[in-house]
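Everything below belongs to structure.txt, which stores compact mmCIF, C-alpha atoms and all ligand atoms.
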```txt
# COMPACT_ATOMS: atom_id res chain seq x y z
CA MET A 1 18.93 3.92 -6.24
CA ALA A 2 20.56 7.36 -6.09
CA LEU A 3 18.12 9.66 -4.31
CA VAL A 4 17.87 13.13 -2.85
CA ALA A 5 15.67 14.28 0.06
CA TRP A 6 12.80 16.32 -1.37
CA SER A 7 9.94 16.47 1.12
CA GLY A 8 11.48 19.11 3.35
CA VAL A 9 9.53 18.02 6.45
CA GLU A 10 11.09 16.39 9.51
CA GLY A 11 9.26 14.80 12.40
CA ARG A 12 5.76 15.22 11.00
CA PRO A 13 3.89 13.62 8.10
CA LEU A 14 4.05 15.20 4.66
CA VAL A 15 0.50 16.04 3.54
CA ILE A 16 -0.76 16.31 -0.02
CA ALA A 17 -4.45 17.23 -0.19
CA GLY A 18 -7.02 18.68 -2.50
CA PRO A 19 -9.89 17.64 -4.73
CA CYS A 20 -9.94 14.41 -6.70
CA SER A 21 -10.43 16.53 -9.85
CA ALA A 22 -10.04 20.20 -10.73
CA GLU A 23 -13.57 21.16 -11.79
CA THR A 24 -13.65 24.97 -12.02
CA GLU A 25 -11.25 27.77 -11.19
CA ALA A 26 -13.52 28.88 -8.34
CA GLN A 27 -13.54 25.35 -6.86
CA MET A 28 -9.72 25.24 -6.95
CA LEU A 29 -9.38 28.65 -5.31
CA GLU A 30 -11.90 27.76 -2.61
CA SER A 31 -10.19 24.42 -1.98
CA ALA A 32 -6.83 26.12 -1.49
CA ARG A 33 -8.25 28.92 0.63
CA ARG A 34 -9.96 26.49 3.00
CA LEU A 35 -7.03 24.05 3.05
CA GLN A 36 -4.65 26.77 4.23
CA ALA A 37 -5.71 26.33 7.86
CA ALA A 38 -5.00 22.58 7.68
CA ARG A 39 -1.33 23.43 6.88
CA ILE A 40 -0.87 21.02 4.03
CA ASP A 41 2.36 20.82 2.02
CA TYR A 42 1.04 20.27 -1.49
CA LEU A 43 -2.30 21.10 -3.11
CA ARG A 44 -3.42 18.24 -5.33
CA ALA A 45 -5.95 18.04 -8.15
CA GLY A 46 -6.53 15.58 -10.96
CA ILE A 47 -6.35 17.29 -14.35
CA TRP A 48 -6.58 14.19 -16.55
CA LYS A 49 -8.63 11.43 -14.92
CA ALA A 50 -8.16 7.76 -15.75
CA ARG A 51 -11.73 6.57 -15.30
CA THR A 52 -13.04 3.05 -15.45
CA ARG A 53 -15.98 3.99 -17.69
CA PRO A 54 -15.99 6.46 -20.61
CA VAL A 55 -19.22 8.06 -19.40
CA SER A 56 -17.51 9.30 -16.22
CA PHE A 57 -15.99 12.78 -15.95
CA GLU A 58 -12.52 12.46 -17.45
CA GLY A 59 -11.02 15.68 -16.13
CA ILE A 60 -10.89 19.19 -17.57
CA GLY A 61 -7.47 18.64 -19.15
CA ASP A 62 -4.78 21.27 -19.87
CA ALA A 63 -7.18 24.17 -19.31
CA ALA A 64 -7.29 23.34 -15.57
CA LEU A 65 -3.51 23.51 -15.04
CA PRO A 66 -3.45 27.31 -14.55
CA TRP A 67 -6.27 26.98 -11.96
CA LEU A 68 -4.26 24.52 -9.86
CA VAL A 69 -1.06 26.53 -10.08
CA ARG A 70 -2.80 29.84 -9.37
CA ALA A 71 -4.70 28.39 -6.37
CA GLY A 72 -1.44 27.05 -4.93
CA ARG A 73 0.45 30.31 -5.44
CA GLU A 74 -2.33 32.46 -4.02
CA PHE A 75 -2.52 30.47 -0.81
CA GLY A 76 1.16 29.62 -0.39
CA MET A 77 1.26 25.93 -1.14
CA LYS A 78 3.09 23.84 -3.67
CA THR A 79 1.08 21.91 -6.24
CA ALA A 80 0.83 18.30 -7.40
CA THR A 81 -0.96 16.41 -10.13
CA GLU A 82 -1.16 12.98 -11.75
CA VAL A 83 0.50 12.37 -15.12
CA ALA A 84 -0.12 9.42 -17.41
CA THR A 85 1.55 10.43 -20.69
CA ALA A 86 4.60 12.38 -21.89
CA GLY A 87 2.20 15.14 -22.97
CA HIS A 88 0.87 15.44 -19.40
CA VAL A 89 4.41 15.71 -18.02
CA GLU A 90 5.33 18.47 -20.47
CA ALA A 91 2.12 20.41 -19.88
CA ALA A 92 2.33 20.14 -16.07
CA LEU A 93 5.97 21.25 -16.00
CA ARG A 94 5.34 24.08 -18.46
CA HIS A 95 2.69 25.48 -16.11
CA GLY A 96 4.96 25.10 -13.08
CA VAL A 97 3.37 22.20 -11.15
CA ASP A 98 5.81 21.31 -8.32
CA LEU A 99 5.32 17.54 -7.93
CA LEU A 100 4.03 14.81 -10.23
CA TRP A 101 2.64 11.42 -9.43
CA ILE A 102 1.98 8.37 -11.55
CA GLY A 103 -1.46 6.83 -10.96
CA ALA A 104 -2.16 3.22 -10.05
CA ARG A 105 -3.57 2.41 -13.48
CA THR A 106 -0.45 3.76 -15.17
CA THR A 107 2.08 2.04 -12.89
CA VAL A 108 0.83 -1.33 -14.18
CA ASN A 109 1.98 -0.50 -17.72
CA PRO A 110 5.76 -0.43 -18.30
CA PHE A 111 5.33 1.21 -21.75
CA SER A 112 3.46 4.14 -20.22
CA VAL A 113 5.91 4.41 -17.33
CA GLN A 114 8.86 4.44 -19.75
CA GLU A 115 7.20 7.15 -21.84
CA ILE A 116 6.78 9.26 -18.69
CA ALA A 117 10.36 8.52 -17.61
CA ASP A 118 11.70 9.70 -20.98
CA ALA A 119 9.69 12.92 -20.71
CA LEU A 120 11.15 13.52 -17.21
CA ARG A 121 14.78 13.28 -18.33
CA GLY A 122 16.73 16.34 -17.25
CA THR A 123 14.10 17.64 -14.79
CA THR A 124 14.42 17.91 -11.00
CA VAL A 125 10.72 17.66 -10.12
CA PRO A 126 9.82 15.15 -7.35
CA VAL A 127 7.93 12.14 -8.71
CA LEU A 128 5.79 9.78 -6.66
CA VAL A 129 4.74 6.38 -7.97
CA LYS A 130 1.40 5.02 -6.77
CA ASN A 131 1.31 1.28 -6.20
CA PRO A 132 -0.05 -0.65 -9.19
CA THR A 133 -3.68 -1.75 -8.87
CA SER A 134 -2.52 -5.37 -8.51
CA PRO A 135 -0.57 -6.44 -5.40
CA ASP A 136 2.72 -6.81 -7.27
CA LEU A 137 5.82 -5.37 -5.60
CA GLY A 138 7.99 -6.12 -8.64
CA LEU A 139 5.80 -3.97 -10.87
CA TRP A 140 5.87 -1.14 -8.34
CA THR A 141 9.66 -1.23 -7.98
CA GLY A 142 10.14 -1.65 -11.74
CA ALA A 143 8.26 1.60 -12.35
CA LEU A 144 10.44 3.41 -9.80
CA GLU A 145 13.58 2.05 -11.44
CA ARG A 146 12.47 3.36 -14.84
CA ILE A 147 11.91 6.84 -13.38
CA ASN A 148 15.18 6.73 -11.45
CA ARG A 149 17.16 5.61 -14.52
CA ALA A 150 15.84 8.65 -16.36
CA GLY A 151 17.78 10.71 -13.81
CA VAL A 152 14.94 11.56 -11.39
CA ARG A 153 16.48 11.64 -7.91
CA ALA A 154 13.55 13.05 -5.91
CA LEU A 155 11.43 9.92 -5.63
CA GLY A 156 8.73 8.56 -3.38
CA VAL A 157 5.79 6.18 -3.48
CA ILE A 158 2.10 6.40 -2.66
CA HIS A 159 0.42 3.42 -1.06
CA ARG A 160 -3.23 3.53 -2.24
CA GLY A 161 -4.34 -0.04 -1.69
CA PHE A 162 -4.86 -2.89 -4.11
CA ALA A 163 -7.81 -3.95 -6.24
CA VAL A 164 -9.28 -7.30 -5.20
CA ALA A 165 -12.28 -9.21 -6.58
CA SER A 166 -14.53 -8.20 -3.70
CA SER A 167 -13.94 -6.32 -0.51
CA PRO A 168 -16.81 -5.55 1.84
CA ARG A 169 -15.01 -2.77 3.73
CA PHE A 170 -12.53 -1.06 1.44
CA ARG A 171 -12.49 0.19 -2.13
CA ASN A 172 -8.87 -0.97 -2.36
CA PRO A 173 -7.78 -2.99 0.69
CA PRO A 174 -4.54 -1.59 2.14
CA MET A 175 -2.69 -4.93 2.36
CA TRP A 176 -0.28 -3.29 4.81
CA GLU A 177 2.11 -6.22 4.49
CA LEU A 178 3.02 -4.95 1.00
CA ALA A 179 3.80 -1.45 2.24
CA ILE A 180 5.88 -3.00 5.04
CA GLU A 181 7.76 -5.22 2.61
CA PHE A 182 8.35 -2.23 0.32
CA ARG A 183 9.80 -0.31 3.29
CA ARG A 184 12.01 -3.27 4.21
CA ARG A 185 13.41 -3.52 0.68
CA HIS A 186 13.73 0.24 0.07
CA PRO A 187 14.10 1.96 3.44
CA GLU A 188 15.46 5.09 1.71
CA ILE A 189 12.27 5.80 -0.28
CA PRO A 190 9.53 7.87 1.40
CA ILE A 191 6.10 6.20 1.46
CA ILE A 192 2.90 8.15 1.82
CA THR A 193 -0.52 6.55 2.22
CA ASP A 194 -3.68 7.57 0.36
CA PRO A 195 -6.55 6.68 2.73
CA SER A 196 -9.10 8.15 0.29
CA HIS A 197 -8.53 5.61 -2.47
CA ILE A 198 -8.00 2.80 0.07
CA THR A 199 -11.30 3.33 1.84
CA GLY A 200 -13.55 4.85 -0.81
CA ARG A 201 -15.57 6.30 2.08
CA ARG A 202 -15.21 9.28 4.38
CA ASP A 203 -15.78 7.61 7.72
CA LEU A 204 -12.73 5.33 7.52
CA ILE A 205 -10.14 7.90 6.46
CA GLN A 206 -8.97 8.87 9.92
CA ASP A 207 -8.52 5.26 10.96
CA ILE A 208 -6.43 4.34 7.91
CA ALA A 209 -4.37 7.53 8.19
CA GLN A 210 -3.57 6.67 11.82
CA GLN A 211 -2.61 3.11 10.90
CA ALA A 212 -0.19 4.47 8.31
CA LEU A 213 1.45 6.73 10.90
CA ASP A 214 1.51 3.89 13.44
CA LEU A 215 3.65 1.99 10.93
CA GLY A 216 5.99 4.96 10.66
CA LEU A 217 5.05 5.81 7.07
CA ASP A 218 6.01 9.29 5.97
CA GLY A 219 2.85 11.09 4.99
CA LEU A 220 -0.63 11.16 3.53
CA MET A 221 -2.43 12.02 0.33
CA VAL A 222 -6.06 12.86 1.08
CA GLU A 223 -8.85 14.00 -1.22
CA ALA A 224 -10.56 17.12 0.11
CA HIS A 225 -13.24 19.08 -1.72
CA PRO A 226 -15.13 22.26 -0.73
CA ASN A 227 -18.44 20.48 -1.31
CA PRO A 228 -17.76 16.73 -1.27
CA ASP A 229 -21.31 15.58 -2.03
CA GLN A 230 -21.29 17.59 -5.24
CA ALA A 231 -17.83 16.44 -6.41
CA TRP A 232 -17.64 15.43 -10.07
CA SER A 233 -15.55 12.35 -9.22
CA ASP A 234 -15.04 10.20 -6.11
CA ALA A 235 -17.70 12.07 -4.12
CA ASP A 236 -18.13 9.33 -1.49
CA GLN A 237 -14.53 9.48 -0.32
CA GLN A 238 -13.91 13.23 -0.32
CA ILE A 239 -13.99 15.25 2.90
CA THR A 240 -14.15 18.98 3.50
CA PRO A 241 -10.93 20.92 4.12
CA GLU A 242 -12.16 21.55 7.67
CA ARG A 243 -12.66 17.83 8.33
CA LEU A 244 -9.16 17.21 7.01
CA GLY A 245 -7.87 19.82 9.46
CA GLU A 246 -9.58 17.98 12.34
CA ILE A 247 -8.22 14.62 11.24
CA LEU A 248 -4.67 15.95 10.95
CA HIS A 249 -5.00 17.61 14.34
CA HIS A 250 -6.02 14.35 16.02
CA LEU A 251 -3.46 12.08 14.35
CA LYS A 252 -0.74 10.82 16.63
CA VAL A 253 2.69 10.95 15.06
CA ARG A 254 4.89 8.05 16.18
CA HIS A 255 8.64 8.17 16.16
CA GLU A 256 11.10 5.56 14.99
CA THR A 257 12.46 5.36 18.53
CA SER A 258 12.71 7.26 21.82
CA ALA A 259 15.57 8.36 24.06
CA ASN A 260 13.70 7.30 27.23
CA ALA A 261 16.01 4.78 28.99
CA GLY A 262 13.16 2.98 30.84
CA PHE A 263 11.30 2.52 27.59
CA LEU A 264 14.41 1.21 25.81
CA ALA A 265 15.13 -1.30 28.60
CA SER A 266 11.55 -2.66 28.71
CA LEU A 267 11.44 -2.87 24.93
CA GLU A 268 14.68 -4.82 24.87
CA ALA A 269 13.45 -7.27 27.52
CA LEU A 270 10.17 -7.79 25.67
CA ARG A 271 11.99 -8.30 22.40
CA GLU A 272 14.18 -10.94 23.99
CA ARG A 273 11.04 -12.78 25.06
CA ILE A 274 9.67 -12.52 21.52
CA ASP A 275 12.96 -13.86 20.12
CA ARG A 276 12.84 -16.88 22.44
CA ILE A 277 9.20 -17.59 21.59
CA ASP A 278 9.97 -17.33 17.86
CA HIS A 279 12.83 -19.78 18.21
CA ASP A 280 10.47 -22.21 19.98
CA LEU A 281 7.89 -21.70 17.24
CA LEU A 282 10.45 -22.53 14.57
CA ASP A 283 11.60 -25.61 16.51
CA ALA A 284 7.97 -26.73 16.70
CA LEU A 285 7.44 -26.13 12.98
CA ALA A 286 10.58 -28.11 12.13
CA MET A 287 9.40 -30.93 14.41
CA ARG A 288 5.99 -30.86 12.70
CA MET A 289 7.68 -31.09 9.30
CA ARG A 290 9.67 -34.17 10.35
CA VAL A 291 6.32 -35.86 11.16
CA VAL A 292 4.90 -34.71 7.80
CA GLU A 293 7.87 -36.41 6.14
CA GLU A 294 7.12 -39.66 7.97
CA ILE A 295 3.50 -39.42 6.85
CA ALA A 296 4.72 -38.93 3.27
CA ASP A 297 6.81 -42.10 3.51
CA CYS A 298 3.76 -44.05 4.74
CA LYS A 299 1.53 -42.63 2.02
CA ARG A 300 4.08 -43.38 -0.67
CA ASP A 301 4.48 -46.95 0.47
CA ASN A 302 0.71 -47.38 0.30
CA ASN A 303 0.14 -45.28 -2.83
CA VAL A 304 -2.22 -42.91 -1.03
CA SER A 305 -2.77 -39.28 -2.21
CA THR A 306 -1.14 -36.32 -0.42
CA LEU A 307 -4.46 -34.59 0.23
CA GLN A 308 -7.37 -35.98 2.24
CA VAL A 309 -9.95 -33.23 2.10
CA SER A 310 -11.96 -34.43 5.10
CA ARG A 311 -8.84 -34.54 7.29
CA TRP A 312 -7.83 -31.04 6.15
CA THR A 313 -11.32 -29.64 6.85
CA ALA A 314 -11.40 -31.21 10.33
CA LEU A 315 -7.87 -30.04 11.15
CA LEU A 316 -8.58 -26.48 10.08
CA GLU A 317 -11.82 -26.32 12.07
CA ASP A 318 -10.10 -27.68 15.15
CA ARG A 319 -7.13 -25.27 14.96
CA VAL A 320 -9.28 -22.21 14.27
CA ALA A 321 -11.56 -23.02 17.21
CA ARG A 322 -8.60 -23.65 19.47
CA ALA A 323 -6.92 -20.42 18.40
CA GLU A 324 -10.11 -18.53 19.11
CA SER A 325 -10.39 -20.05 22.58
CA LEU A 326 -6.83 -18.80 23.19
CA GLY A 327 -7.80 -15.25 22.25
CA LEU A 328 -6.39 -15.26 18.71
CA ALA A 329 -8.32 -13.94 15.73
CA PRO A 330 -9.85 -16.81 13.73
CA GLU A 331 -8.79 -15.24 10.38
CA TYR A 332 -5.23 -15.19 11.67
CA ALA A 333 -5.32 -18.89 12.58
CA ARG A 334 -6.94 -19.76 9.27
CA ALA A 335 -4.32 -17.84 7.23
CA LEU A 336 -1.51 -19.39 9.25
CA TYR A 337 -2.82 -22.93 8.80
CA GLU A 338 -3.35 -22.38 5.10
CA ILE A 339 0.37 -21.62 4.79
CA ILE A 340 1.38 -24.53 7.06
CA HIS A 341 -0.83 -26.94 5.15
CA ARG A 342 0.28 -25.73 1.70
CA GLU A 343 3.90 -26.35 2.65
CA SER A 344 3.05 -29.80 4.11
CA VAL A 345 1.36 -30.83 0.87
CA ARG A 346 4.26 -29.49 -1.18
CA ARG A 347 6.81 -31.37 0.93
CA GLN A 348 4.77 -34.58 0.89
CA SER A 349 4.45 -34.44 -2.86
CA GLU A 350 8.21 -33.85 -3.17
CA ILE A 351 8.94 -36.92 -1.05
CA MET A 352 6.33 -39.08 -2.73
CA ASN A 353 7.82 -38.33 -6.14
CA GLN A 354 11.39 -39.08 -5.13
CA GLU A 355 12.84 -42.25 -6.56
CA PRO A 356 12.85 -44.60 -3.53
CA SER A 357 16.53 -45.25 -2.93
CA ASN A 358 16.16 -48.95 -2.08
CA GLN A 359 13.61 -49.83 -4.78
CA GLY A 360 14.08 -47.90 -8.02
CA GLY A 361 11.62 -47.62 -10.84
CA VAL A 362 8.14 -46.17 -11.09
CA GLY A 363 4.87 -47.72 -10.06
CA THR A 364 6.27 -49.94 -7.39
CA GLY A 365 4.17 -48.37 -4.58
C1 LIG B 401 -6.31 9.92 -7.71
O1 LIG B 401 -5.38 10.13 -6.89
O2 LIG B 401 -7.20 10.73 -7.95
C2 LIG B 401 -6.37 8.62 -8.38
C3 LIG B 401 -6.99 8.45 -9.53
O3 LIG B 401 -5.79 7.64 -7.67
P1 LIG B 401 -5.36 6.14 -8.07
O4 LIG B 401 -4.37 6.26 -9.19
O5 LIG B 401 -4.77 5.70 -6.80
O6 LIG B 401 -6.60 5.39 -8.45
MN MN B 402 -9.88 10.25 -6.87
```
Hey, can you dump this file as structure tokens for me?
Amino acid sequence: MALVAWSGVEGRPLVIAGPCSAETEAQMLESARRLQAARIDYLRAGIWKARTRPVSFEGIGDAALPWLVRAGREFGMKTATEVATAGHVEAALRHGVDLLWIGARTTVNPFSVQEIADALRGTTVPVLVKNPTSPDLGLWTGALERINRAGVRALGVIHRGFAVASSPRFRNPPMWELAIEFRRRHPEIPIITDPSHITGRRDLIQDIAQQALDLGLDGLMVEAHPNPDQAWSDADQQITPERLGEILHHLKVRHETSANAGFLASLEALRERIDRIDHDLLDALAMRMRVVEEIADCKRDNNVSTLQVSRWTALLEDRVARAESLGLAPEYARALYEIIHRESVRRQSEIMNQEPSNQGGVGTG
């Protein structure tokens, strides 16, 4: 993708903050006034809100655009809002909003994304694409490609977590592995994390923001409201501008690397150890697979099914307990063994359905 640098910040996270929704002109002005001390880069506010239920507050609409832009100008910050239709893009640009983002519910719909892309043709405004609600990297990248093909060169993405059937801790679990995989595939595209929509609650925002910076992600989008408890949308996850200031002050910014020679030497030695251990792990996995293949031969010859549930249950319990006794997290061992077992079953089934070379025919087992 052809891209240009747009964020203008080096060596510190880019910060977009402001209320979930623009509610009144006074609320926007107070938000901006109190956010000034937190030194944010862009003032955000939702103008048109994609809400799950029609009885929820759906945003003020076009009438709130001048409030956002005026609040930003008065307190020296650029402005940002979410767009979901061509009409939103035109209205936001007409009023002079500096950055647009596409919301998670819009990213899932290629028709809507294409409509937005067409409306952006010929503009230079930075556009950020929030991850789709479902954990689907292809959908996320596809949306970016549509925007990029319309000629938008100032691009970025917002990692806001993914909707899952039930999550005790998070509103939208971060599934960091997807952000990491996105970074691996598109290292040139800035990623900022939205801890507000990930957590859905104030007390976890700092922790998620720090985890994003620990991974070397490029910035944050945080919902901040002058009176969070009274917010017309997403009250539980909004924090005051002052709390945001504290959080930003305490965040540790990590760097991609360091020039310290001692650090570089120790890191290299440790990485060599990791490489050797990984090679041993792969050798062990290959060895395990050869045994799986022998088991498959035995099962085929005796016409026995690939899966024995009681054996699988006992194996999993044993490995999880053993992992725990070695100081590994049980969820980690469980996830690992689910992958190992899935591949064993797949391989066994492949072997059991091969035509036996020395027998031929079906049903000879
Ligand atoms: C928002 O940023 O206010 C918003 C609606 O976020 P998302 O699209 O991530 O749900
Ligand atoms: Mn919100």
Near stretch 132-134 of chain A, counting all atoms listed in the file, which residues have an atom at most 8 Å away, once you skip same-chain residues fewer than 5 positions from it, shown as a list in words?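 So, after excluding close chain neighbours, the residues are Gly103, Ala104, Arg105, Thr106, Thr107, Val108, Leu139, Trp140, Gly161, Phe162, Ala163 and Val164 of chain A.
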Report as a list in words which protein, DNA and RNA residues come within 8 Å of ligand LIG 401 (chain B), using all atoms listed in the file. Cys20, Ser21, Ala45, Gly46, Lys49, Ala50, Arg51, Glu82, Ile102, Gly103, Ala104, Arg105, Thr106, Lys130, Asn131, Thr133, Arg160, Gly161, Asp194, His197 and Glu223 of chain A
Could you name the residues that touch A:Arg342 at 12 Å or less, counting all atoms listed in the file, but leaving out those on the same chain fewer than 3 positions away, as a PyMOL selection string? chain A and resi 289+292+306-307+312+335-339+345-349
So that I have them on file, write out the residues from the current selection with C-alpha atoms, as a CSV table (one decimal), keeping the file's coordinate frame.
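New file out.csv:
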```csv
chain,number,residue,atom,x,y,z
A,289,MET,CA,7.7,-31.1,9.3
A,292,VAL,CA,4.9,-34.7,7.8
A,306,THR,CA,-1.1,-36.3,-0.4
A,307,LEU,CA,-4.5,-34.6,0.2
A,312,TRP,CA,-7.8,-31.0,6.2
A,335,ALA,CA,-4.3,-17.8,7.2
A,336,LEU,CA,-1.5,-19.4,9.2
A,337,TYR,CA,-2.8,-22.9,8.8
A,338,GLU,CA,-3.4,-22.4,5.1
A,339,ILE,CA,0.4,-21.6,4.8
A,345,VAL,CA,1.4,-30.8,0.9
A,346,ARG,CA,4.3,-29.5,-1.2
A,347,ARG,CA,6.8,-31.4,0.9
A,348,GLN,CA,4.8,-34.6,0.9
A,349,SER,CA,4.4,-34.4,-2.9
```
For A:Ile198, work out the shell of residues within 9 Å, counting all atoms listed in the file and skipping chain neighbours fewer than 5 positions away, then give it as a list of chain:residue names. A:His159, A:Arg160, A:Gly161, A:Phe162, A:Phe170, A:Arg171, A:Asn172, A:Pro173, A:Pro174, A:Thr193, A:Ile205, A:Ile208
Excluding A:Glu181 and residues on its chain fewer than 4 positions from it, collect all residues at most 12 Å away from it, counting all atoms listed in the file, and give them as a PyMOL selection string. chain A and resi 135-138+140-141+159+175-177+185-187+191+215
Would you export the selected residues with C-alpha atoms as a PDB file, keeping the file's coordinate frame, please?
```pdb
ATOM      1  CA  PRO A 135      -0.570  -6.440  -5.400  1.00  0.00           C
ATOM      2  CA  ASP A 136       2.720  -6.810  -7.270  1.00  0.00           C
ATOM      3  CA  LEU A 137       5.820  -5.370  -5.600  1.00  0.00           C
ATOM      4  CA  GLY A 138       7.990  -6.120  -8.640  1.00  0.00           C
ATOM      5  CA  TRP A 140       5.870  -1.140  -8.340  1.00  0.00           C
ATOM      6  CA  THR A 141       9.660  -1.230  -7.980  1.00  0.00           C
ATOM      7  CA  HIS A 159       0.420   3.420  -1.060  1.00  0.00           C
ATOM      8  CA  MET A 175      -2.690  -4.930   2.360  1.00  0.00           C
ATOM      9  CA  TRP A 176      -0.280  -3.290   4.810  1.00  0.00           C
ATOM     10  CA  GLU A 177       2.110  -6.220   4.490  1.00  0.00           C
ATOM     11  CA  ARG A 185      13.410  -3.520   0.680  1.00  0.00           C
ATOM     12  CA  HIS A 186      13.730   0.240   0.070  1.00  0.00           C
ATOM     13  CA  PRO A 187      14.100   1.960   3.440  1.00  0.00           C
ATOM     14  CA  ILE A 191       6.100   6.200   1.460  1.00  0.00           C
ATOM     15  CA  LEU A 215       3.650   1.990  10.930  1.00  0.00           C
TER      16      LEU A 215
END
```
Provide the atom CA of A:Pro66 to atom CA of A:Val129 distance in Å, to one decimal place.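 Computing the Euclidean distance for atom CA of A:Pro66 and atom CA of A:Val129 yields 23.4 Å.
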Atom pair atom CA of A:His255 / atom CA of A:Gly11: separation (Å): 7.6 Å
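Picture a line from atom CA of A:Met221 to atom CA of A:Ser196; it runs 7.7 Å.
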Can you tell me, as number ranges by chain, what residues are no more than 9 Å from stretch 71-73 of chain A when counting all atoms listed in the file, ignoring any on the same chain fewer than 6 positions away? A: 25, 28-33, 42-43, 79
Keeping only C-alpha atoms, write the selected residues as a short mmCIF file (atom, residue, chain, number, x, y, z; two decimals), in the coordinates of the input.
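The resulting file, again-v9.cif, is reproduced below:
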```cif
data_model
loop_
_atom_site.label_atom_id
_atom_site.label_comp_id
_atom_site.auth_asym_id
_atom_site.auth_seq_id
_atom_site.Cartn_x
_atom_site.Cartn_y
_atom_site.Cartn_z
CA GLU A 25 -11.25 27.77 -11.19
CA MET A 28 -9.72 25.24 -6.95
CA LEU A 29 -9.38 28.65 -5.31
CA GLU A 30 -11.90 27.76 -2.61
CA SER A 31 -10.19 24.42 -1.98
CA ALA A 32 -6.83 26.12 -1.49
CA ARG A 33 -8.25 28.92 0.63
CA TYR A 42 1.04 20.27 -1.49
CA LEU A 43 -2.30 21.10 -3.11
CA THR A 79 1.08 21.91 -6.24
#
```
Residue nearest ligand MN 402 (chain B) among A:His225, A:Lys252, A:Arg322, A:Arg290 (counting only C-alpha atoms and all ligand atoms):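 Among the listed residues, A:His225 lies closest to ligand MN 402 (chain B).
When all atoms listed in the file are used to compute distances to A:Ala5, the closest of the residues A:Val309, A:Ala91, A:Leu264, A:Val152 turns out to be A:Val152.
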Ranking A:Pro19, A:Glu246, A:Arg146, A:Leu68 by minimum distance to A:Ala37 and counting all atoms listed in the file, which one comes first?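 Among the listed residues, A:Glu246 lies closest to A:Ala37.
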Pick from A:Ala92, A:Ile340, A:Val320, A:Ala22: nearest to A:Ala286, with all atoms listed in the file counted?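 Smallest separation from A:Ala286 among the options: A:Ile340.
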Of the listed residues A:Ile239, A:Leu99, A:Leu244, A:Ala323, that which approaches ligand MN 402 (chain B) most closely, counting only C-alpha atoms and all ligand atoms: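 Result for the nearest residue to ligand MN 402 (chain B): A:Ile239.
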For ligand MN 402 (chain B), the closest of A:Val222, A:Ala64, A:Ala314, A:Ile40 counting only C-alpha atoms and all ligand atoms is A:Val222
